[in-house]
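J.: Supplied structure: input14.cif, mmCIF, C-alpha atoms and all ligand atoms.
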```cif
data_target
#
loop_
_atom_site.label_atom_id
_atom_site.label_comp_id
_atom_site.auth_asym_id
_atom_site.auth_seq_id
_atom_site.Cartn_x
_atom_site.Cartn_y
_atom_site.Cartn_z
CA MET A 299 70.30 5.78 -31.52
CA SER A 300 69.41 8.48 -34.04
CA ALA A 301 67.93 7.43 -37.35
CA LEU A 302 69.44 10.34 -39.25
CA VAL A 303 69.89 9.40 -42.92
CA LEU A 304 71.38 11.50 -45.71
CA VAL A 305 69.46 10.55 -48.87
CA LEU A 306 71.31 11.23 -52.11
CA ASN A 307 69.85 11.23 -55.61
CA ALA A 308 72.72 11.77 -58.03
CA GLY A 309 71.96 12.36 -61.68
CA SER A 310 74.43 12.86 -64.52
CA SER A 311 74.69 16.60 -63.84
CA SER A 312 72.89 17.05 -60.51
CA LEU A 313 73.11 15.96 -56.89
CA LYS A 314 69.91 16.19 -54.83
CA TYR A 315 69.98 15.51 -51.10
CA GLN A 316 67.80 15.41 -48.06
CA LEU A 317 68.81 14.95 -44.43
CA LEU A 318 65.99 13.34 -42.52
CA ASP A 319 65.08 11.21 -39.56
CA ALA A 320 63.93 7.89 -40.99
CA ASP A 321 61.75 7.10 -37.95
CA SER A 322 59.85 10.37 -37.65
CA GLY A 323 60.18 11.55 -41.27
CA THR A 324 61.36 14.98 -40.06
CA VAL A 325 63.48 16.72 -42.72
CA SER A 326 66.24 18.91 -41.29
CA ALA A 327 67.68 20.13 -44.61
CA SER A 328 67.46 19.51 -48.34
CA GLY A 329 69.05 20.85 -51.46
CA VAL A 330 70.50 20.32 -54.89
CA VAL A 331 73.66 21.06 -56.84
CA GLU A 332 72.86 21.51 -60.52
CA ARG A 333 74.94 21.81 -63.70
CA ILE A 334 77.74 19.62 -62.34
CA GLY A 335 80.53 19.27 -64.90
CA GLU A 336 79.02 21.62 -67.45
CA PRO A 337 81.88 23.34 -69.26
CA ASP A 338 80.05 26.57 -70.15
CA ALA A 339 78.18 27.36 -66.95
CA LYS A 340 78.84 27.64 -63.23
CA ALA A 341 77.15 25.04 -61.09
CA VAL A 342 74.33 26.27 -58.87
CA ALA A 343 73.72 25.06 -55.31
CA ARG A 344 70.50 25.52 -53.36
CA HIS A 345 70.35 24.55 -49.67
CA THR A 346 67.10 24.75 -47.72
CA VAL A 347 66.82 24.73 -43.91
CA SER A 348 63.46 25.35 -42.18
CA GLY A 349 61.94 26.65 -45.42
CA GLU A 350 64.77 29.17 -45.95
CA ALA A 351 66.63 28.56 -49.22
CA THR A 352 70.15 29.83 -49.92
CA THR A 353 71.33 29.78 -53.54
CA ARG A 354 74.97 30.09 -54.63
CA ASP A 355 77.03 29.86 -57.84
CA VAL A 356 79.70 27.25 -57.15
CA ASP A 357 82.51 25.31 -58.83
CA ALA A 358 81.52 21.69 -59.28
CA PRO A 359 83.46 20.09 -62.14
CA ASP A 360 82.51 16.60 -60.88
CA HIS A 361 80.43 14.82 -58.22
CA HIS A 362 83.29 14.83 -55.69
CA ALA A 363 83.39 18.63 -55.92
CA ALA A 364 79.58 18.75 -55.70
CA MET A 365 79.73 16.64 -52.53
CA ARG A 366 82.17 19.16 -51.03
CA VAL A 367 79.74 21.94 -51.96
CA VAL A 368 77.02 20.08 -50.04
CA LEU A 369 79.25 19.66 -46.97
CA ASP A 370 80.16 23.36 -47.13
CA ALA A 371 76.46 24.28 -47.27
CA PHE A 372 75.80 22.25 -44.11
CA ALA A 373 78.83 23.82 -42.41
CA THR A 374 77.80 27.38 -43.35
CA ASP A 375 74.00 27.30 -43.16
CA GLY A 376 73.47 24.32 -40.87
CA PRO A 377 72.37 22.06 -39.44
CA PRO A 378 75.73 20.57 -38.41
CA LEU A 379 76.35 17.35 -40.35
CA ARG A 380 78.83 15.34 -38.31
CA PRO A 381 79.62 11.79 -39.50
CA GLN A 382 79.15 10.46 -35.97
CA ASP A 383 75.52 11.73 -35.95
CA LEU A 384 74.69 10.12 -39.27
CA TYR A 385 73.25 6.62 -39.18
CA ALA A 386 73.73 6.04 -42.90
CA VAL A 387 73.75 7.47 -46.40
CA GLY A 388 70.94 6.13 -48.66
CA HIS A 389 71.43 6.33 -52.42
CA ARG A 390 68.78 6.25 -55.08
CA VAL A 391 70.01 3.92 -57.84
CA VAL A 392 67.87 3.63 -60.95
CA HIS A 393 68.75 0.20 -62.31
CA GLY A 394 69.37 -2.90 -60.23
CA GLY A 395 68.56 -5.29 -63.09
CA ASP A 396 67.56 -8.73 -61.84
CA LEU A 397 70.48 -8.67 -59.37
CA PHE A 398 68.80 -6.64 -56.63
CA ARG A 399 65.41 -7.50 -55.14
CA SER A 400 66.03 -5.32 -52.08
CA PRO A 401 68.36 -2.53 -50.92
CA ALA A 402 72.06 -3.41 -50.69
CA VAL A 403 74.75 -2.24 -48.29
CA VAL A 404 77.35 -0.73 -50.62
CA ASP A 405 80.69 -2.50 -50.95
CA ASP A 406 83.04 -2.96 -53.90
CA ALA A 407 81.01 -5.90 -55.25
CA VAL A 408 77.78 -3.84 -55.21
CA ILE A 409 79.56 -1.00 -57.02
CA ASP A 410 80.82 -3.45 -59.66
CA ALA A 411 77.30 -4.81 -60.10
CA ILE A 412 75.82 -1.32 -60.57
CA GLN A 413 78.60 -0.62 -63.08
CA ASP A 414 77.81 -3.85 -64.90
CA LEU A 415 74.20 -2.64 -65.30
CA VAL A 416 75.22 0.63 -67.02
CA PRO A 417 74.32 -0.70 -70.51
CA LEU A 418 70.72 -1.10 -69.26
CA ALA A 419 70.58 2.45 -67.80
CA PRO A 420 73.18 4.52 -69.64
CA LEU A 421 71.51 7.82 -68.72
CA HIS A 422 71.17 7.06 -65.00
CA ASN A 423 73.49 4.48 -63.40
CA PRO A 424 76.75 6.40 -64.16
CA GLY A 425 75.48 9.47 -62.26
CA ASN A 426 74.21 7.29 -59.39
CA LEU A 427 77.66 5.63 -59.17
CA ALA A 428 79.43 8.98 -59.17
CA GLY A 429 77.25 10.00 -56.21
CA ILE A 430 78.07 6.78 -54.33
CA ARG A 431 81.82 7.21 -54.89
CA ALA A 432 81.71 10.84 -53.76
CA ALA A 433 79.73 9.98 -50.62
CA ARG A 434 82.04 7.08 -49.72
CA ALA A 435 84.99 9.47 -49.95
CA ALA A 436 83.19 12.10 -47.85
CA PHE A 437 81.88 9.65 -45.21
CA PRO A 438 84.36 6.75 -45.22
CA THR A 439 83.12 5.20 -41.97
CA THR A 440 79.36 5.72 -42.49
CA PRO A 441 77.35 2.80 -43.94
CA GLN A 442 76.08 3.47 -47.47
CA VAL A 443 73.01 1.75 -48.86
CA ALA A 444 71.85 1.54 -52.48
CA VAL A 445 68.05 1.58 -52.94
CA PHE A 446 66.99 0.52 -56.43
CA ASP A 447 64.11 1.89 -58.50
CA THR A 448 63.68 -1.52 -60.06
CA ALA A 449 63.72 -3.65 -56.88
CA PHE A 450 60.01 -3.40 -56.01
CA HIS A 451 59.16 -4.84 -59.45
CA GLN A 452 61.33 -7.93 -59.06
CA THR A 453 58.21 -9.78 -57.86
CA LEU A 454 56.67 -9.59 -61.36
CA PRO A 455 55.85 -13.09 -62.58
CA PRO A 456 57.64 -14.30 -65.76
CA HIS A 457 54.50 -13.90 -67.87
CA ALA A 458 54.50 -10.17 -67.00
CA PHE A 459 58.21 -9.45 -67.39
CA THR A 460 59.12 -11.56 -70.42
CA TYR A 461 59.04 -9.97 -73.86
CA ALA A 462 58.16 -12.34 -76.71
CA VAL A 463 61.48 -11.82 -78.50
CA PRO A 464 64.29 -14.23 -79.52
CA ARG A 465 66.00 -16.16 -76.74
CA GLU A 466 69.38 -14.64 -77.59
CA TRP A 467 68.10 -11.13 -76.91
CA ARG A 468 66.58 -12.21 -73.62
CA GLU A 469 69.63 -14.13 -72.41
CA ARG A 470 72.63 -12.35 -73.87
CA HIS A 471 71.30 -8.78 -73.87
CA ARG A 472 69.20 -9.04 -70.67
CA VAL A 473 66.11 -7.87 -72.57
CA ARG A 474 63.08 -8.08 -70.26
CA ARG A 475 60.75 -5.73 -68.43
CA TYR A 476 62.26 -4.29 -65.22
CA GLY A 477 59.99 -1.38 -64.24
CA PHE A 478 60.97 1.85 -62.44
CA HIS A 479 59.66 4.32 -59.81
CA GLY A 480 59.73 1.31 -57.44
CA THR A 481 60.36 3.31 -54.24
CA SER A 482 57.34 5.48 -54.99
CA HIS A 483 55.09 2.53 -55.85
CA ALA A 484 56.21 0.74 -52.66
CA PHE A 485 55.56 3.78 -50.46
CA VAL A 486 52.22 4.74 -52.00
CA SER A 487 50.78 1.21 -52.24
CA ARG A 488 51.52 0.58 -48.56
CA ARG A 489 50.12 3.96 -47.56
CA LEU A 490 46.95 3.37 -49.59
CA ALA A 491 46.32 0.06 -47.84
CA THR A 492 46.61 1.88 -44.49
CA LEU A 493 44.21 4.60 -45.67
CA LEU A 494 41.76 1.93 -46.79
CA GLY A 495 41.97 0.44 -43.29
CA ARG A 496 43.16 -2.88 -44.64
CA ASP A 497 46.09 -5.21 -44.14
CA VAL A 498 48.62 -4.76 -46.98
CA SER A 499 48.81 -8.51 -47.46
CA GLU A 500 45.10 -8.61 -48.33
CA THR A 501 44.88 -5.48 -50.48
CA ASN A 502 45.02 -5.15 -54.28
CA VAL A 503 45.71 -1.68 -55.62
CA VAL A 504 46.77 0.22 -58.71
CA VAL A 505 49.23 3.06 -58.18
CA LEU A 506 49.41 5.80 -60.82
CA HIS A 507 52.70 7.72 -60.46
CA LEU A 508 52.11 10.66 -62.80
CA GLY A 509 54.97 13.15 -62.83
CA ASN A 510 57.25 14.18 -65.64
CA GLY A 511 58.00 10.47 -65.84
CA ALA A 512 54.88 8.34 -65.36
CA SER A 513 54.15 4.72 -64.57
CA ALA A 514 51.38 2.49 -63.28
CA ALA A 515 51.84 -0.49 -60.97
CA ALA A 516 49.49 -3.34 -60.04
CA VAL A 517 50.22 -4.41 -56.46
CA ALA A 518 48.64 -7.56 -55.01
CA GLY A 519 49.03 -8.16 -51.28
CA GLY A 520 52.06 -5.86 -51.15
CA ALA A 521 53.85 -7.50 -54.11
CA CYS A 522 54.04 -5.82 -57.49
CA ILE A 523 52.64 -8.10 -60.21
CA ASP A 524 52.81 -5.74 -63.19
CA THR A 525 54.05 -2.29 -64.10
CA SER A 526 53.95 -0.14 -67.19
CA MET A 527 57.65 0.74 -67.63
CA GLY A 528 59.75 -2.01 -69.15
CA LEU A 529 63.36 -2.48 -70.23
CA SER A 530 63.68 1.29 -69.96
CA PRO A 531 61.56 4.13 -68.55
CA LEU A 532 60.15 4.77 -72.05
CA GLU A 533 57.45 2.09 -72.11
CA GLY A 534 53.89 2.43 -70.88
CA LEU A 535 52.06 5.66 -70.14
CA VAL A 536 52.40 8.90 -72.13
CA MET A 537 54.83 11.12 -70.17
CA GLY A 538 56.23 14.67 -70.19
CA THR A 539 58.77 14.01 -72.93
CA ARG A 540 58.50 10.23 -73.55
CA PRO A 541 55.91 8.47 -75.68
CA GLY A 542 55.13 5.31 -73.69
CA ASP A 543 53.96 2.30 -75.72
CA LEU A 544 54.89 2.28 -79.42
CA ASP A 545 54.93 -0.13 -82.31
CA PRO A 546 58.30 -1.97 -82.17
CA ALA A 547 58.59 -1.48 -85.95
CA LEU A 548 59.19 2.24 -85.43
CA PRO A 549 63.03 2.17 -85.21
CA SER A 550 63.50 0.22 -88.43
CA HIS A 551 60.87 2.33 -90.23
CA LEU A 552 62.63 5.55 -89.23
CA ALA A 553 66.07 4.06 -90.03
CA ARG A 554 64.86 3.32 -93.57
CA GLU A 555 63.59 6.91 -93.74
CA GLY A 556 67.13 8.08 -92.91
CA VAL A 557 66.59 9.18 -89.28
CA PRO A 558 69.89 8.62 -87.37
CA ILE A 559 69.74 6.51 -84.19
CA GLU A 560 70.91 9.47 -82.03
CA ASP A 561 68.00 11.61 -83.27
CA TYR A 562 65.65 8.74 -82.61
CA ASP A 563 66.93 8.29 -79.03
CA ARG A 564 66.77 12.00 -78.34
CA ALA A 565 63.26 12.38 -79.74
CA LEU A 566 61.92 9.46 -77.70
CA ASN A 567 63.59 10.60 -74.44
CA ALA A 568 63.17 14.35 -74.72
CA GLY A 569 60.89 15.31 -77.61
CA SER A 570 57.86 13.00 -77.34
CA GLY A 571 54.96 12.67 -74.90
CA LEU A 572 53.26 15.94 -73.92
CA ARG A 573 56.09 17.93 -75.46
CA GLY A 574 55.79 16.13 -78.79
CA LEU A 575 52.01 16.59 -78.80
CA THR A 576 51.75 20.18 -77.52
CA GLY A 577 55.22 21.79 -77.49
CA THR A 578 55.48 21.75 -73.67
CA ASN A 579 56.08 19.00 -71.12
CA ASP A 580 54.75 21.17 -68.27
CA PHE A 581 51.26 19.87 -67.49
CA ARG A 582 50.19 23.20 -65.98
CA GLU A 583 50.95 24.80 -69.34
CA VAL A 584 49.00 22.06 -71.12
CA GLU A 585 46.01 22.89 -68.90
CA ARG A 586 46.37 26.61 -69.72
CA LEU A 587 46.44 25.75 -73.45
CA ILE A 588 43.26 23.68 -73.05
CA GLU A 589 41.55 26.63 -71.33
CA ALA A 590 42.62 28.81 -74.27
CA GLY A 591 40.95 26.39 -76.71
CA ASP A 592 44.10 24.78 -78.11
CA PRO A 593 42.99 21.59 -79.96
CA ASP A 594 46.43 19.89 -79.71
CA ALA A 595 46.41 20.27 -75.91
CA ALA A 596 42.84 18.91 -75.69
CA LEU A 597 43.85 15.90 -77.80
CA ALA A 598 46.97 15.39 -75.64
CA LEU A 599 44.82 15.17 -72.48
CA ASP A 600 42.57 12.62 -74.23
CA ILE A 601 45.58 10.54 -75.28
CA VAL A 602 47.16 10.67 -71.81
CA THR A 603 43.97 9.82 -69.88
CA TYR A 604 42.87 7.13 -72.36
CA ARG A 605 46.25 5.38 -71.98
CA ILE A 606 46.11 5.57 -68.16
CA ALA A 607 42.54 4.19 -68.12
CA LYS A 608 43.52 1.30 -70.43
CA TYR A 609 46.27 0.35 -67.98
CA VAL A 610 43.95 0.52 -64.97
CA GLY A 611 41.42 -1.66 -66.80
CA SER A 612 44.03 -4.26 -67.71
CA TYR A 613 45.46 -4.23 -64.17
CA ALA A 614 41.99 -4.74 -62.68
CA VAL A 615 41.88 -7.94 -64.76
CA ALA A 616 45.42 -8.91 -63.69
CA LEU A 617 44.62 -8.33 -60.00
CA GLY A 618 41.27 -10.13 -60.12
CA ARG A 619 39.89 -7.73 -57.52
CA LEU A 620 40.62 -4.02 -57.24
CA ASP A 621 40.44 -2.45 -53.75
CA GLY A 622 41.74 1.03 -54.53
CA ILE A 623 43.51 3.38 -56.93
CA ALA A 624 46.15 5.94 -55.89
CA PHE A 625 47.07 9.08 -57.81
CA THR A 626 50.53 10.40 -56.96
CA ALA A 627 53.48 12.60 -58.12
CA GLY A 628 53.27 16.11 -59.63
CA ILE A 629 50.31 15.67 -61.97
CA GLY A 630 48.55 12.91 -60.03
CA GLU A 631 48.62 14.95 -56.81
CA HIS A 632 47.89 18.38 -58.29
CA SER A 633 45.53 18.03 -61.24
CA PRO A 634 41.81 17.51 -60.50
CA ARG A 635 41.14 17.71 -64.24
CA LEU A 636 43.40 14.80 -65.06
CA ARG A 637 41.99 12.66 -62.23
CA ALA A 638 38.42 13.44 -63.24
CA GLU A 639 39.05 12.49 -66.88
CA VAL A 640 40.79 9.24 -65.95
CA LEU A 641 38.06 8.24 -63.48
CA ALA A 642 35.31 9.13 -65.98
CA ARG A 643 36.84 6.62 -68.40
CA LEU A 644 36.63 3.93 -65.68
CA GLY A 645 32.85 4.06 -65.30
CA MET A 646 32.41 0.45 -66.35
CA LEU A 647 34.34 -0.62 -63.23
CA GLY A 648 31.66 1.18 -61.19
CA ILE A 649 34.03 4.03 -60.37
CA ARG A 650 32.43 7.43 -59.67
CA VAL A 651 34.40 10.62 -59.05
CA ASP A 652 33.12 13.10 -56.44
CA PRO A 653 33.79 16.59 -57.92
CA ASP A 654 33.97 18.34 -54.51
CA ARG A 655 36.38 15.83 -53.01
CA ASN A 656 38.43 15.85 -56.22
CA SER A 657 38.86 19.62 -56.39
CA GLY A 658 41.75 21.45 -54.72
CA GLY A 659 45.38 20.86 -53.83
CA PRO A 660 47.59 17.87 -53.18
CA ALA A 661 46.31 16.77 -49.76
CA GLU A 662 45.88 13.07 -49.01
CA ARG A 663 42.17 12.26 -49.50
CA VAL A 664 39.59 10.08 -51.23
CA VAL A 665 38.27 11.63 -54.48
CA THR A 666 35.50 9.18 -55.36
CA SER A 667 31.94 9.14 -54.05
CA ASP A 668 30.80 6.78 -51.31
CA ASP A 669 28.90 4.65 -53.86
CA SER A 670 31.97 4.21 -56.09
CA ALA A 671 32.70 0.48 -56.49
CA VAL A 672 36.42 1.23 -56.09
CA PRO A 673 37.77 4.18 -54.08
CA ALA A 674 40.42 6.41 -55.67
CA TRP A 675 42.74 8.46 -53.46
CA VAL A 676 45.33 11.18 -53.76
CA VAL A 677 48.37 9.83 -51.92
CA PRO A 678 51.37 12.19 -52.00
CA THR A 679 54.54 10.21 -52.61
CA ASN A 680 57.71 10.60 -50.55
CA GLU A 681 60.58 8.82 -52.24
CA GLU A 682 63.24 10.28 -49.93
CA LEU A 683 61.47 8.99 -46.83
CA GLU A 684 61.03 5.57 -48.43
CA ILE A 685 64.75 5.45 -49.33
CA ALA A 686 65.63 6.49 -45.76
CA ARG A 687 63.31 3.85 -44.27
CA GLN A 688 64.64 1.10 -46.54
CA THR A 689 68.20 2.19 -45.74
CA LEU A 690 67.48 1.92 -42.04
CA ALA A 691 65.64 -1.40 -42.40
CA VAL A 692 68.50 -3.11 -44.21
CA LEU A 693 71.03 -1.94 -41.59
CA ARG A 694 68.90 -2.69 -38.53
P1 LIG B 701 59.38 14.47 -61.82
O1 LIG B 701 59.05 13.22 -62.57
O2 LIG B 701 60.31 15.37 -62.57
O3 LIG B 701 59.74 14.26 -60.36
P2 LIG B 701 56.98 15.73 -60.73
O4 LIG B 701 56.45 14.59 -59.96
O5 LIG B 701 57.51 16.90 -60.00
O6 LIG B 701 58.02 15.28 -61.83
O7 LIG B 701 55.79 16.25 -61.69
C1 LIG B 701 56.03 17.25 -62.63
C2 LIG B 701 54.73 17.49 -63.39
O8 LIG B 701 53.69 17.86 -62.46
C3 LIG B 701 54.84 18.60 -64.41
O9 LIG B 701 54.21 18.21 -65.62
C4 LIG B 701 54.06 19.72 -63.75
O10 LIG B 701 53.49 20.59 -64.70
C5 LIG B 701 52.98 18.95 -63.01
N1 LIG B 701 52.37 19.78 -61.98
C6 LIG B 701 52.96 20.35 -60.90
N2 LIG B 701 52.08 21.14 -60.23
C7 LIG B 701 50.91 21.10 -60.92
C8 LIG B 701 49.62 21.70 -60.75
N3 LIG B 701 49.37 22.51 -59.73
N4 LIG B 701 48.66 21.40 -61.65
C9 LIG B 701 48.92 20.57 -62.68
N5 LIG B 701 50.10 19.98 -62.90
C10 LIG B 701 51.08 20.23 -62.03
#
```
Please express what this file holds, its structure, as structure tokens.

T.:
Amino acid sequence: MSALVLVLNAGSSSLKYQLLDADSGTVSASGVVERIGEPDAKAVARHTVSGEATTRDVDAPDHHAAMRVVLDAFATDGPPLRPQDLYAVGHRVVHGGDLFRSPAVVDDAVIDAIQDLVPLAPLHNPGNLAGIRAARAAFPTTPQVAVFDTAFHQTLPPHAFTYAVPREWRERHRVRRYGFHGTSHAFVSRRLATLLGRDVSETNVVVLHLGNGASAAAVAGGACIDTSMGLSPLEGLVMGTRPGDLDPALPSHLAREGVPIEDYDRALNAGSGLRGLTGTNDFREVERLIEAGDPDAALALDIVTYRIAKYVGSYAVALGRLDGIAFTAGIGEHSPRLRAEVLARLGMLGIRVDPDRNSGGPAERVVTSDDSAVPAWVVPTNEELEIARQTLAVLR
């Protein structure tokens, strides 16, 4: 039986997809439809088969139309996507609250539960749901599975997920830490244990997922025990456009200063982090600015790497023993400078970077010296493969 899975990642205005074999990891096609439902612009579809990308302007007023665009792309450019060849559709869903500890086969009750969690993820769950509805309509007899970004963090103990706030907020408004990027942390932590030649159940690692969004996770014996994102993906590390940890007094201070709540939300989601510090959220551009002697960019790198190192230090304490560190996602995989600065700040843990091993592109490798007390690795993440594997596992 084939293990062909169509992985869908539906955002509010985009639909990304990948068709892959969940057993071998072989990708037969991938693509994205962007600008779905935007009144002033045509949607754009890009479909890639064997490295060849085809880009088209398309009409996609909603996710159902975008799904038809995807099916058309398969029909026109291949490979053939026949429902009978497809084992399942796997959906990335951002927020599963405390309802989902593992992937769920989609039925009406699961859809209602994801809907019920919209107040906790207003920017993400509605788009995810639109993708699920469109895929159910397109593949009515194919099993659909929801894989949640939060699920891997449901093993956090209460002392790590509970905020010290009034009971009413915690109970009525579901205020607690949930964590995100769970599929990436699951994939990379398992892979790192393999690379270290150890059994997952006996391995304690810290995973640093450093992309446009960024989070750290402390994983003990395969179970996540702490992570840096919280109620929302704003908490924790400094990111491309989000600030990470802040003083909780900030909203009321700014409200008294006359800043409207919408401006506040927008600034913290889209105008903070690297962009707030340097004017750009593109880390490559930040590195160019540093080379050009820009003091704001140099300070931004210090702030970012200091915050990451503080988290690694606190997670080493939480884990009790640290067997390895993984750098992953766009910045973690591609930036030797960032890794070197983070590792230099971890000298008191006996960690020593090896400049030769650390230089160069995103290949999977160790970047610390042989005498480093803890090895650090580059471990490229693969969220689509993890979603496909989890989809398959829950159905088999
Ligand atoms: P997302 O969270 O959007 O999936 P990615 O994991 O793709 O983000 O990471 C995007 C970030 O990675 C951007 O800040 C980008 O500048 C950075 N990045 C990509 N390639 C490089 C590179 N070669 N050197 C440094 N940073 C890079």

J.: What does the structure give for the distance between atom CA of A:Ser326 and atom CA of A:Thr346, in Å to one decimal?

T.: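 Atom CA of A:Ser326 sits 8.7 Å away from atom CA of A:Thr346.
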
J.: Enumerate as a list in words the residues within 8 Å of ligand LIG 701 (chain B), counting all atoms listed in the file.

T.: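 What falls inside 8 Å of ligand LIG 701 (chain B) is His507, Leu508, Gly509, Asn510, Gly511, Ala512, Gly538, Asn579, Asp580, Phe581, Arg582, Glu583, Val584, Glu585, Thr626, Ala627, Gly628, Ile629, Gly630, Glu631, His632, Ser633, Pro634 and Gly659 of chain A.
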
J.: Rank nothing, just name the residue among A:Ala363, A:Leu548, A:Val445, A:Leu690 nearest to A:Arg431, using all atoms listed in the file.

T.: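 Smallest separation from A:Arg431 among the options: A:Ala363.
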
J.: Taking all atoms listed in the file into account, which of A:Glu681, A:Asp543, A:Glu466, A:Asp621 comes nearest A:Gly519?

T.: A:Asp621

J.: At a cut-off of 10 Å, can you tabulate as JSON lines every residue of stretch 519-576 of chain A near stretch 405-423 of chain A together with its closest atom pair and the distance in Å to one decimal, using only C-alpha atoms and ordering rows by chain then number?

T.:
```
{"residue": "A:Leu529", "atom": "CA", "partner": "A:Leu418", "partner_atom": "CA", "distance": 7.6}
{"residue": "A:Ser530", "atom": "CA", "partner": "A:Ala419", "partner_atom": "CA", "distance": 7.3}
{"residue": "A:Pro531", "atom": "CA", "partner": "A:Ala419", "partner_atom": "CA", "distance": 9.2}
```

J.: Which neighbours of A:Asp357 fall inside 12 Å, counting only C-alpha atoms, when residues of the same chain fewer than 2 positions from it are skipped, and could you give them as a PyMOL selection string?

T.: chain A and resi 331-343+354-355+359-368

J.: Using C-alpha atoms, can you export the residues from the last selection as a PDB file, keeping the file's coordinate frame?

T.:
```pdb
ATOM      1  CA  VAL A 331      73.660  21.060 -56.840  1.00  0.00           C
ATOM      2  CA  GLU A 332      72.860  21.510 -60.520  1.00  0.00           C
ATOM      3  CA  ARG A 333      74.940  21.810 -63.700  1.00  0.00           C
ATOM      4  CA  ILE A 334      77.740  19.620 -62.340  1.00  0.00           C
ATOM      5  CA  GLY A 335      80.530  19.270 -64.900  1.00  0.00           C
ATOM      6  CA  GLU A 336      79.020  21.620 -67.450  1.00  0.00           C
ATOM      7  CA  PRO A 337      81.880  23.340 -69.260  1.00  0.00           C
ATOM      8  CA  ASP A 338      80.050  26.570 -70.150  1.00  0.00           C
ATOM      9  CA  ALA A 339      78.180  27.360 -66.950  1.00  0.00           C
ATOM     10  CA  LYS A 340      78.840  27.640 -63.230  1.00  0.00           C
ATOM     11  CA  ALA A 341      77.150  25.040 -61.090  1.00  0.00           C
ATOM     12  CA  VAL A 342      74.330  26.270 -58.870  1.00  0.00           C
ATOM     13  CA  ALA A 343      73.720  25.060 -55.310  1.00  0.00           C
ATOM     14  CA  ARG A 354      74.970  30.090 -54.630  1.00  0.00           C
ATOM     15  CA  ASP A 355      77.030  29.860 -57.840  1.00  0.00           C
ATOM     16  CA  PRO A 359      83.460  20.090 -62.140  1.00  0.00           C
ATOM     17  CA  ASP A 360      82.510  16.600 -60.880  1.00  0.00           C
ATOM     18  CA  HIS A 361      80.430  14.820 -58.220  1.00  0.00           C
ATOM     19  CA  HIS A 362      83.290  14.830 -55.690  1.00  0.00           C
ATOM     20  CA  ALA A 363      83.390  18.630 -55.920  1.00  0.00           C
ATOM     21  CA  ALA A 364      79.580  18.750 -55.700  1.00  0.00           C
ATOM     22  CA  MET A 365      79.730  16.640 -52.530  1.00  0.00           C
ATOM     23  CA  ARG A 366      82.170  19.160 -51.030  1.00  0.00           C
ATOM     24  CA  VAL A 367      79.740  21.940 -51.960  1.00  0.00           C
ATOM     25  CA  VAL A 368      77.020  20.080 -50.040  1.00  0.00           C
TER      26      VAL A 368
END
```

J.: Work out how far apart atom CA of A:Ala444 and atom CA of A:Val305 are and give it in Å to one decimal.

T.: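 Pair atom CA of A:Ala444 / atom CA of A:Val305 returns 10.0 Å.
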
J.: Once 6 Å is added on each side, what are the centre and the three edge lengths, in Å to one decimal, of the axis-aligned box enclosing the listed atoms of stretch 627-631 of chain A? Present them as lines of an AutoDock Vina configuration file.

T.:
```
center_x = 51.0
center_y = 14.4
center_z = -59.4
size_x = 16.9
size_y = 15.5
size_z = 17.2
```

J.: Give me the residues near A:Glu533 as a PyMOL selection string, where near means some atom within 10 Å (using all atoms listed in the file) and where sequence neighbours in that chain fewer than 2 positions away do not count.

T.: chain A and resi 475+477+512-513+525-531+535-537+540-544

J.: Find the distance between atom CA of A:Glu639 and atom CA of A:Tyr609 and write it in Å to one decimal.

T.: 14.2 Å

J.: So which residues touch stretch 647-657 of chain A within 10 Å, counting all atoms listed in the file, skipping near sequence neighbours fewer than 4 positions away, as number ranges by chain?

T.: A: 610-611, 614, 620, 632-635, 637-643, 663-676

J.: For stretch 374-379 of chain A, which lacks atoms in the input, supply N, CA, C and O atoms and format the output as a compact mmCIF listing (two decimals), in the frame of the given file.

T.:
```
# COMPACT_ATOMS: atom_id res chain seq x y z
N THR A 374 78.09 25.94 -43.38
CA THR A 374 77.80 27.38 -43.35
C THR A 374 76.39 27.68 -42.86
O THR A 374 76.18 28.56 -42.02
N ASP A 375 75.40 26.96 -43.43
CA ASP A 375 74.00 27.30 -43.16
C ASP A 375 73.33 26.35 -42.17
O ASP A 375 72.16 26.57 -41.79
N GLY A 376 74.02 25.29 -41.82
CA GLY A 376 73.47 24.32 -40.87
C GLY A 376 72.45 23.40 -41.54
O GLY A 376 72.15 23.57 -42.71
N PRO A 377 71.93 22.44 -40.79
CA PRO A 377 72.37 22.06 -39.44
C PRO A 377 73.74 21.36 -39.51
O PRO A 377 74.13 20.95 -40.59
N PRO A 378 74.44 21.25 -38.36
CA PRO A 378 75.73 20.57 -38.41
C PRO A 378 75.56 19.13 -38.91
O PRO A 378 74.59 18.46 -38.53
N LEU A 379 76.44 18.71 -39.82
CA LEU A 379 76.35 17.35 -40.35
C LEU A 379 77.63 16.63 -39.97
O LEU A 379 78.61 16.64 -40.70
```
